[in-house]
Amino acid sequence: MPTLEFKGKQFVYSHHLGVPFRELQVVADKSLPTKGQKPSLDDNLIIHGDNLEALKALLPTHAGKVDCIFIDPPYNTGNEGWCYNDNVRSPLMKEWLKKSANPVDKEDLERHDKWLCMMWPRLNLLKELLSESGSLWVTCDDNEVHRLRQVLDEIFGEEAFVANFVVENNRKGRNDKEHVALTHEYMLVYSNDEYLSRGLELTEDQIAEFSEVGSDGRRYALRDLRKRGSEDRREDRESMFFPIYWDEQSGDLSLDKSHNKMVEIIPKRGDDTDGRWRWGIDRVRRNLSDLVPRRSKSGRLDISYKVFLDEADDVKSGTRKKPKSVWIGPEFSTDHASTLIKEIFKKNPLRHSPKPLEQVIQTIQLSVGKDGIVLDSFAGSGTTAHAVLEANNRDAGNRRFILVECEDYADTLTAERVRRVIKGYPYTGTQREELHRENITWSTFEKKQPKLLEHIASIEKLHGHEYDKIKKQIKDGVLTVTGERKVEKTTPGLGGSFTYCTLGDPIDIESLLTGKGLPSFEALARYVFYTATGQSLEKVGEPAPDGFIGETELFRVHLFYQPEKEWLRSNDAALNAERVAAIEKSNKSGKRAIVFAVAKFMSQKELTARRIEFCQLPYAVHRILGD
């Protein structure tokens, strides 16, 4: 696979491994916990600090747990005023940055190299945080989209590419290009192996297709079991060509011909050549009860399968629709986003427009169920948190957000927006909420008029009491139904809570030697567990007699530690026979044990015989990390 070379790549290639771990420190007076509770790291999080260090700080608690990552990094237009300095330990790198320590601008001939140096380690850490079914969504424009895709291909793999969405966010067009008025931006999507798009809600017409009703009252539609379109020939997937037998008298289907009266059905294409089924033989066998034989007008037998309206929440089930690769609509516009931020703060506190709320909500709908973690490490004005809260409000979900913002406005803008959205905010004016949108032409309007009017009437009946007015209009080929309400005091709050954090001093394991700046037991437990297993620790309890802190499918991890200099220098801190006996007694599974302590009073040979690996603090941590 071709790779992208850029100045500084050799120095930042493994830089994410050397970034120090920092402990997340709760700032209680800036947090907004649930009433009656204290701020907790298990809540929604807003982290103020450099996002490279913040992402590293999240690994011990969130590695492999984030379901959706949405980031809106600097587009590198030359007008954003961002600086690059990640303290890469290289004299050549430091010399290069020393010569160009000013904000990156259009005159900087190495601005693309600096942008890539900034993005590379962050994308590597984001990959570690992503769950097996998670997806990464990155917005960008023409300045870096081609380089960004090459970097993502290299880090995540070409096979992880899902889509490059085009989002029309400025219908009037921007004038920053000499020959073209730009109306769009991009959104690149990459995923892990088990990602499955959840799709978007079906339209009324699509729901109407589920016209069949089973004996249990469930609505379903029929889809052709025979593959159609590309790769639909027998030779394309020979294993998916096989007969299915039908007993016309009983109506039963089988993969085995039990008597001569059974009719053989094979997949035939329109030109009467052999085709193939959509499913393999094992899946057909598991779902025979949901298959329905049908005879066409020409008399040829075919088979359909049932898709239930209430069965699943993804595009493969047929009960959700695929998103189109181009997102168009006023809800995706920068004007819409600017209006919203002005409503919240009575002015736009940014020099630019924030991301449109609906763009992030649709991203969340496509990538996360009602439960899941959404991370934004370039948080800006906090649109992603707002989107998570709004998505939860719409479908009674329980999604959580993690925001990271390095700028000084992390409290006064990012967190403040979230506070106002949670509690409601003073506003005087007219709020509008889109209730229905549909592309329409005159011919389709004539054809669907009675049904459309009936549907609009049902919307007015269902939502009329929530608004002062329900506005209907057809403009530019789009029918919209919008609820309008006048607000004179406070908008309704969405509810929710969050914990505000800063980044503490690095967890310097060498401090165990001096006794200065010792990390807490919980912080060190999470740290050593992650370094030993590559996984995050769900929960840290009180120090146990056997030192147990957590386990994986292969290991049990133990830590003997107290953040006290005298204790660490005493015999109590060592792994001894009594503690080994406690470890063996609690190990019912027979897994290998990894034990962290500052010293041991037993030989390694004896420990190895008992399936115990001793890791001396602080040195062995670095051995496991590979630093």
# chains A, B, ... in the order shown; residues from 1 in each chain; ligands from 1
$ select_by_dssp --residues "stretch 292-534 of chain A" --states "helix (DSSP H, G or I)" --output "tab-separated table (two decimals) with N, CA and C atoms, in the first residue's frame"
chain	number	residue	atom	x	y	z
A	315	VAL	N	-28.98	-0.96	8.84
A	315	VAL	CA	-29.37	-0.93	7.44
A	315	VAL	C	-29.47	-2.34	6.85
A	316	LYS	N	-28.72	-3.31	7.40
A	316	LYS	CA	-28.77	-4.66	6.84
A	316	LYS	C	-30.11	-5.32	7.10
A	317	SER	N	-30.77	-4.92	8.17
A	317	SER	CA	-32.06	-5.53	8.48
A	317	SER	C	-33.16	-5.04	7.55
A	330	PRO	N	-31.03	22.74	5.00
A	330	PRO	CA	-30.71	23.91	5.83
A	330	PRO	C	-30.19	23.53	7.21
A	331	GLU	N	-30.58	22.34	7.69
A	331	GLU	CA	-30.13	21.93	9.03
A	331	GLU	C	-28.63	21.65	9.07
A	332	PHE	N	-28.00	21.45	7.90
A	332	PHE	CA	-26.56	21.20	7.83
A	332	PHE	C	-25.77	22.47	7.52
A	334	THR	N	-24.04	26.33	7.84
A	334	THR	CA	-23.34	27.15	8.84
A	334	THR	C	-24.26	28.25	9.36
A	335	ASP	N	-25.19	28.73	8.52
A	335	ASP	CA	-26.15	29.74	8.99
A	335	ASP	C	-26.98	29.20	10.15
A	336	HIS	N	-27.43	27.97	10.00
A	336	HIS	CA	-28.23	27.33	11.03
A	336	HIS	C	-27.42	27.21	12.32
A	337	ALA	N	-26.14	26.82	12.19
A	337	ALA	CA	-25.27	26.65	13.35
A	337	ALA	C	-25.00	27.98	14.04
A	338	SER	N	-24.77	29.02	13.23
A	338	SER	CA	-24.51	30.35	13.81
A	338	SER	C	-25.72	30.90	14.54
A	339	THR	N	-26.91	30.69	13.95
A	339	THR	CA	-28.13	31.14	14.61
A	339	THR	C	-28.31	30.48	15.96
A	340	LEU	N	-28.02	29.18	16.03
A	340	LEU	CA	-28.19	28.43	17.28
A	340	LEU	C	-27.22	28.93	18.36
A	341	ILE	N	-25.96	29.13	18.00
A	341	ILE	CA	-24.99	29.58	19.01
A	341	ILE	C	-25.32	30.99	19.49
A	342	LYS	N	-25.89	31.82	18.60
A	342	LYS	CA	-26.30	33.17	19.00
A	342	LYS	C	-27.49	33.10	19.95
A	343	GLU	N	-28.40	32.14	19.73
A	343	GLU	CA	-29.53	31.98	20.65
A	343	GLU	C	-29.04	31.64	22.05
A	344	ILE	N	-28.01	30.79	22.12
A	344	ILE	CA	-27.53	30.31	23.42
A	344	ILE	C	-26.75	31.39	24.15
A	345	PHE	N	-25.90	32.15	23.41
A	345	PHE	CA	-25.02	33.13	24.06
A	345	PHE	C	-25.39	34.59	23.76
A	357	LEU	N	-25.53	21.42	14.39
A	357	LEU	CA	-25.97	20.43	15.37
A	357	LEU	C	-26.51	19.17	14.71
A	358	GLU	N	-27.34	19.34	13.68
A	358	GLU	CA	-27.98	18.18	13.04
A	358	GLU	C	-26.96	17.28	12.35
A	359	GLN	N	-25.85	17.84	11.87
A	359	GLN	CA	-24.82	17.02	11.25
A	359	GLN	C	-24.25	16.04	12.27
A	360	VAL	N	-24.00	16.53	13.47
A	360	VAL	CA	-23.44	15.65	14.50
A	360	VAL	C	-24.49	14.68	15.01
A	361	ILE	N	-25.74	15.13	15.14
A	361	ILE	CA	-26.81	14.23	15.58
A	361	ILE	C	-26.97	13.08	14.58
A	362	GLN	N	-26.96	13.39	13.28
A	362	GLN	CA	-27.11	12.33	12.28
A	362	GLN	C	-25.92	11.38	12.33
A	363	THR	N	-24.73	11.90	12.59
A	363	THR	CA	-23.56	11.04	12.76
A	363	THR	C	-23.77	10.08	13.91
A	364	ILE	N	-24.28	10.59	15.03
A	364	ILE	CA	-24.52	9.76	16.20
A	364	ILE	C	-25.59	8.71	15.90
A	365	GLN	N	-26.65	9.10	15.20
A	365	GLN	CA	-27.72	8.16	14.86
A	365	GLN	C	-27.20	7.02	13.99
A	366	LEU	N	-26.23	7.31	13.13
A	366	LEU	CA	-25.69	6.29	12.23
A	366	LEU	C	-24.70	5.37	12.93
A	367	SER	N	-24.10	5.81	14.01
A	367	SER	CA	-22.97	5.06	14.56
A	367	SER	C	-23.17	4.53	15.98
A	383	THR	N	-20.47	21.47	20.39
A	383	THR	CA	-21.60	20.99	19.59
A	383	THR	C	-21.83	19.50	19.80
A	384	THR	N	-20.75	18.72	19.92
A	384	THR	CA	-20.91	17.27	20.06
A	384	THR	C	-21.65	16.90	21.34
A	385	ALA	N	-21.33	17.57	22.45
A	385	ALA	CA	-22.07	17.30	23.69
A	385	ALA	C	-23.53	17.68	23.53
A	386	HIS	N	-23.80	18.83	22.92
A	386	HIS	CA	-25.17	19.27	22.66
A	386	HIS	C	-25.91	18.22	21.84
A	387	ALA	N	-25.22	17.68	20.81
A	387	ALA	CA	-25.84	16.68	19.94
A	387	ALA	C	-26.17	15.40	20.70
A	388	VAL	N	-25.27	14.97	21.57
A	388	VAL	CA	-25.53	13.76	22.37
A	388	VAL	C	-26.74	13.97	23.26
A	389	LEU	N	-26.81	15.12	23.93
A	389	LEU	CA	-27.94	15.40	24.82
A	389	LEU	C	-29.25	15.49	24.03
A	390	GLU	N	-29.21	16.10	22.86
A	390	GLU	CA	-30.41	16.22	22.03
A	390	GLU	C	-30.83	14.85	21.50
A	391	ALA	N	-29.88	14.03	21.07
A	391	ALA	CA	-30.20	12.68	20.60
A	391	ALA	C	-30.84	11.86	21.72
A	392	ASN	N	-30.30	11.98	22.93
A	392	ASN	CA	-30.89	11.28	24.08
A	392	ASN	C	-32.31	11.78	24.35
A	393	ASN	N	-32.51	13.07	24.20
A	393	ASN	CA	-33.83	13.66	24.44
A	393	ASN	C	-34.86	13.15	23.43
A	394	ARG	N	-34.43	12.92	22.20
A	394	ARG	CA	-35.35	12.50	21.14
A	394	ARG	C	-35.77	11.04	21.28
A	395	ASP	N	-34.85	10.18	21.72
A	395	ASP	CA	-35.20	8.75	21.75
A	395	ASP	C	-35.02	8.10	23.12
A	408	ASP	N	-8.35	28.26	26.30
A	408	ASP	CA	-8.76	28.81	27.59
A	408	ASP	C	-10.28	28.89	27.74
A	409	TYR	N	-11.01	28.85	26.61
A	409	TYR	CA	-12.47	28.96	26.70
A	409	TYR	C	-13.15	27.61	27.00
A	410	ALA	N	-12.37	26.60	27.39
A	410	ALA	CA	-12.97	25.29	27.69
A	410	ALA	C	-14.07	25.41	28.74
A	411	ASP	N	-13.90	26.32	29.70
A	411	ASP	CA	-14.92	26.51	30.74
A	411	ASP	C	-15.97	27.53	30.31
A	412	THR	N	-15.51	28.69	29.82
A	412	THR	CA	-16.43	29.80	29.55
A	412	THR	C	-17.26	29.62	28.28
A	413	LEU	N	-16.81	28.77	27.37
A	413	LEU	CA	-17.57	28.54	26.14
A	413	LEU	C	-18.01	27.09	26.02
A	414	THR	N	-17.05	26.16	25.98
A	414	THR	CA	-17.39	24.74	25.77
A	414	THR	C	-18.31	24.22	26.87
A	415	ALA	N	-17.83	24.30	28.10
A	415	ALA	CA	-18.64	23.79	29.21
A	415	ALA	C	-19.86	24.66	29.47
A	416	GLU	N	-19.73	25.97	29.26
A	416	GLU	CA	-20.86	26.86	29.52
A	416	GLU	C	-22.01	26.57	28.57
A	417	ARG	N	-21.70	26.26	27.31
A	417	ARG	CA	-22.78	25.89	26.39
A	417	ARG	C	-23.51	24.65	26.89
A	418	VAL	N	-22.75	23.68	27.35
A	418	VAL	CA	-23.36	22.44	27.83
A	418	VAL	C	-24.21	22.72	29.08
A	419	ARG	N	-23.72	23.59	29.97
A	419	ARG	CA	-24.52	23.94	31.16
A	419	ARG	C	-25.86	24.55	30.74
A	420	ARG	N	-25.81	25.49	29.79
A	420	ARG	CA	-27.04	26.17	29.38
A	420	ARG	C	-28.00	25.24	28.67
A	421	VAL	N	-27.46	24.33	27.87
A	421	VAL	CA	-28.32	23.38	27.16
A	421	VAL	C	-28.96	22.41	28.15
A	422	ILE	N	-28.23	22.01	29.17
A	422	ILE	CA	-28.77	21.09	30.19
A	422	ILE	C	-29.86	21.76	31.02
A	423	LYS	N	-29.59	23.00	31.46
A	423	LYS	CA	-30.52	23.67	32.38
A	423	LYS	C	-31.56	24.54	31.68
A	442	TRP	N	-43.84	17.93	-8.72
A	442	TRP	CA	-45.28	18.11	-8.95
A	442	TRP	C	-45.96	16.78	-9.21
A	443	SER	N	-45.31	15.91	-9.99
A	443	SER	CA	-45.94	14.63	-10.31
A	443	SER	C	-46.09	13.76	-9.07
A	444	THR	N	-45.08	13.75	-8.21
A	444	THR	CA	-45.21	12.96	-6.99
A	444	THR	C	-46.22	13.59	-6.03
A	445	PHE	N	-46.29	14.94	-6.04
A	445	PHE	CA	-47.27	15.60	-5.18
A	445	PHE	C	-48.69	15.24	-5.60
A	446	GLU	N	-48.92	15.24	-6.92
A	446	GLU	CA	-50.25	14.86	-7.41
A	446	GLU	C	-50.60	13.43	-7.00
A	447	LYS	N	-49.61	12.56	-7.11
A	447	LYS	CA	-49.83	11.16	-6.82
A	447	LYS	C	-50.03	10.90	-5.34
A	448	LYS	N	-49.27	11.63	-4.49
A	448	LYS	CA	-49.27	11.36	-3.06
A	448	LYS	C	-50.06	12.37	-2.25
A	449	GLN	N	-50.76	13.29	-2.91
A	449	GLN	CA	-51.39	14.39	-2.20
A	449	GLN	C	-52.28	13.95	-1.03
A	450	PRO	N	-53.22	13.01	-1.26
A	450	PRO	CA	-54.09	12.63	-0.13
A	450	PRO	C	-53.30	12.08	1.05
A	451	LYS	N	-52.31	11.23	0.76
A	451	LYS	CA	-51.53	10.63	1.83
A	451	LYS	C	-50.67	11.67	2.54
A	452	LEU	N	-50.11	12.60	1.76
A	452	LEU	CA	-49.29	13.66	2.35
A	452	LEU	C	-50.10	14.53	3.29
A	453	LEU	N	-51.27	14.95	2.81
A	453	LEU	CA	-52.12	15.81	3.62
A	453	LEU	C	-52.55	15.09	4.89
A	454	GLU	N	-52.81	13.80	4.78
A	454	GLU	CA	-53.20	13.02	5.94
A	454	GLU	C	-52.04	12.94	6.94
A	455	HIS	N	-50.81	12.77	6.39
A	455	HIS	CA	-49.64	12.68	7.26
A	455	HIS	C	-49.37	14.01	7.97
A	456	ILE	N	-49.50	15.11	7.22
A	456	ILE	CA	-49.28	16.43	7.82
A	456	ILE	C	-50.31	16.71	8.90
A	457	ALA	N	-51.54	16.29	8.63
A	457	ALA	CA	-52.60	16.47	9.63
A	457	ALA	C	-52.28	15.69	10.90
A	458	SER	N	-51.71	14.49	10.73
A	458	SER	CA	-51.37	13.68	11.91
A	458	SER	C	-50.23	14.33	12.70
A	459	ILE	N	-49.30	14.99	11.99
A	459	ILE	CA	-48.21	15.71	12.67
A	459	ILE	C	-48.79	16.86	13.48
A	460	GLU	N	-49.71	17.60	12.85
A	460	GLU	CA	-50.33	18.73	13.56
A	460	GLU	C	-51.10	18.26	14.79
A	461	LYS	N	-51.76	17.13	14.67
A	461	LYS	CA	-52.54	16.60	15.79
A	461	LYS	C	-51.61	16.11	16.90
A	462	LEU	N	-50.49	15.50	16.51
A	462	LEU	CA	-49.58	14.92	17.50
A	462	LEU	C	-48.75	15.98	18.20
A	463	HIS	N	-48.28	17.00	17.43
A	463	HIS	CA	-47.33	17.97	17.98
A	463	HIS	C	-47.90	19.38	18.13
A	464	GLY	N	-49.14	19.58	17.70
A	464	GLY	CA	-49.69	20.92	17.69
A	464	GLY	C	-49.65	21.61	19.05
A	465	HIS	N	-49.88	20.85	20.12
A	465	HIS	CA	-49.90	21.45	21.46
A	465	HIS	C	-48.53	21.90	21.93
A	466	GLU	N	-47.45	21.43	21.24
A	466	GLU	CA	-46.09	21.77	21.67
A	466	GLU	C	-45.62	23.10	21.07
A	511	SER	N	8.93	8.59	40.38
A	511	SER	CA	8.71	9.30	41.64
A	511	SER	C	8.64	8.33	42.82
A	512	LEU	N	8.43	7.03	42.53
A	512	LEU	CA	8.44	6.05	43.60
A	512	LEU	C	9.81	5.99	44.28
A	513	LEU	N	10.84	6.37	43.54
A	513	LEU	CA	12.18	6.34	44.10
A	513	LEU	C	12.43	7.50	45.04
A	514	THR	N	11.78	8.62	44.78
A	514	THR	CA	12.01	9.81	45.58
A	514	THR	C	10.90	10.09	46.58
A	521	PHE	N	-3.53	5.47	44.50
A	521	PHE	CA	-3.65	4.03	44.23
A	521	PHE	C	-4.50	3.78	42.99
A	522	GLU	N	-5.63	4.50	42.89
A	522	GLU	CA	-6.51	4.29	41.74
A	522	GLU	C	-5.82	4.64	40.43
A	523	ALA	N	-5.11	5.77	40.40
A	523	ALA	CA	-4.44	6.19	39.17
A	523	ALA	C	-3.37	5.18	38.77
A	524	LEU	N	-2.56	4.72	39.73
A	524	LEU	CA	-1.51	3.76	39.40
A	524	LEU	C	-2.10	2.41	39.01
A	525	ALA	N	-3.19	2.02	39.65
A	525	ALA	CA	-3.83	0.75	39.31
A	525	ALA	C	-4.30	0.76	37.85
A	526	ARG	N	-4.96	1.83	37.46
A	526	ARG	CA	-5.42	1.93	36.07
A	526	ARG	C	-4.23	1.95	35.11
A	527	TYR	N	-3.19	2.64	35.51
A	527	TYR	CA	-2.00	2.79	34.68
A	527	TYR	C	-1.31	1.45	34.44
A	528	VAL	N	-1.01	0.70	35.52
A	528	VAL	CA	-0.28	-0.56	35.35
A	528	VAL	C	-1.16	-1.62	34.68
A	529	PHE	N	-2.47	-1.58	34.94
A	529	PHE	CA	-3.36	-2.55	34.29
A	529	PHE	C	-3.35	-2.33	32.78
A	530	TYR	N	-3.43	-1.06	32.37
A	530	TYR	CA	-3.42	-0.78	30.94
A	530	TYR	C	-2.08	-1.16	30.31
A	531	THR	N	-0.97	-0.83	30.97
A	531	THR	CA	0.33	-1.15	30.39
A	531	THR	C	0.56	-2.65	30.31
A	532	ALA	N	-0.02	-3.41	31.23
A	532	ALA	CA	0.17	-4.86	31.24
A	532	ALA	C	-0.73	-5.58	30.25
A	533	THR	N	-1.93	-5.04	30.01
A	533	THR	CA	-2.92	-5.77	29.21
A	533	THR	C	-3.36	-5.06	27.94
$ residues_around --residues "stretch 6-14 of chain A" --least-positions-apart "6" --cutoff "12 Å" --atoms "only C-alpha atoms" --output "PyMOL selection string"
chain A and resi 84-97+109-125+147+150-151+154-155+626-627
$ closest_residue --among "A:Leu59, A:Val292, A:Ala396, A:Leu537" --to "A:Gly496" --atoms "only C-alpha atoms"
A:Ala396
$ atom_distance --atom1 "atom CA of A:Trp277" --atom2 "atom CA of A:Arg237"
8.8 Å
$ closest_residue --among "A:Glu201, A:Glu238, A:Glu185, A:Glu405" --to "A:Ser333" --atoms "only C-alpha atoms"
A:Glu185
$ atom_distance --atom1 "atom CA of A:Gln25" --atom2 "atom CA of A:Pro563"
16.6 Å
$ closest_residue --among "A:Arg234, A:Lys324, A:Arg351, A:His62" --to "A:Gly81" --atoms "only C-alpha atoms"
A:Arg351
$ closest_residue --among "A:Lys539, A:His15, A:Arg294, A:Lys227" --to "A:Gly280" --atoms "only C-alpha atoms"
A:Lys227
$ atom_distance --atom1 "atom CA of A:Asp72" --atom2 "atom CA of A:Tyr427"
27.8 Å
$ closest_atom_pairs --of "stretch 398-443 of chain A" --to "stretch 370-373 of chain A" --cutoff "12 Å" --atoms "only C-alpha atoms" --output "JSON lines"
{"residue": "A:Asn398", "atom": "CA", "partner": "A:Asp371", "partner_atom": "CA", "distance": 5.0}
{"residue": "A:Arg399", "atom": "CA", "partner": "A:Asp371", "partner_atom": "CA", "distance": 4.6}
{"residue": "A:Arg400", "atom": "CA", "partner": "A:Ile373", "partner_atom": "CA", "distance": 4.9}
{"residue": "A:Phe401", "atom": "CA", "partner": "A:Ile373", "partner_atom": "CA", "distance": 5.7}
{"residue": "A:Ile402", "atom": "CA", "partner": "A:Ile373", "partner_atom": "CA", "distance": 7.5}
{"residue": "A:Leu403", "atom": "CA", "partner": "A:Ile373", "partner_atom": "CA", "distance": 10.8}
$ closest_residue --among "A:Lys585, A:Gly329, A:His259, A:Leu518" --to "A:Glu566" --atoms "only C-alpha atoms"
A:Leu518
$ select_by_dssp --residues "stretch 353-526 of chain A" --states "strand (DSSP E or B)" --output "PyMOL selection string"
chain A and resi 373-376+400-405+426+429-439+469-475+478-487+490+498-506
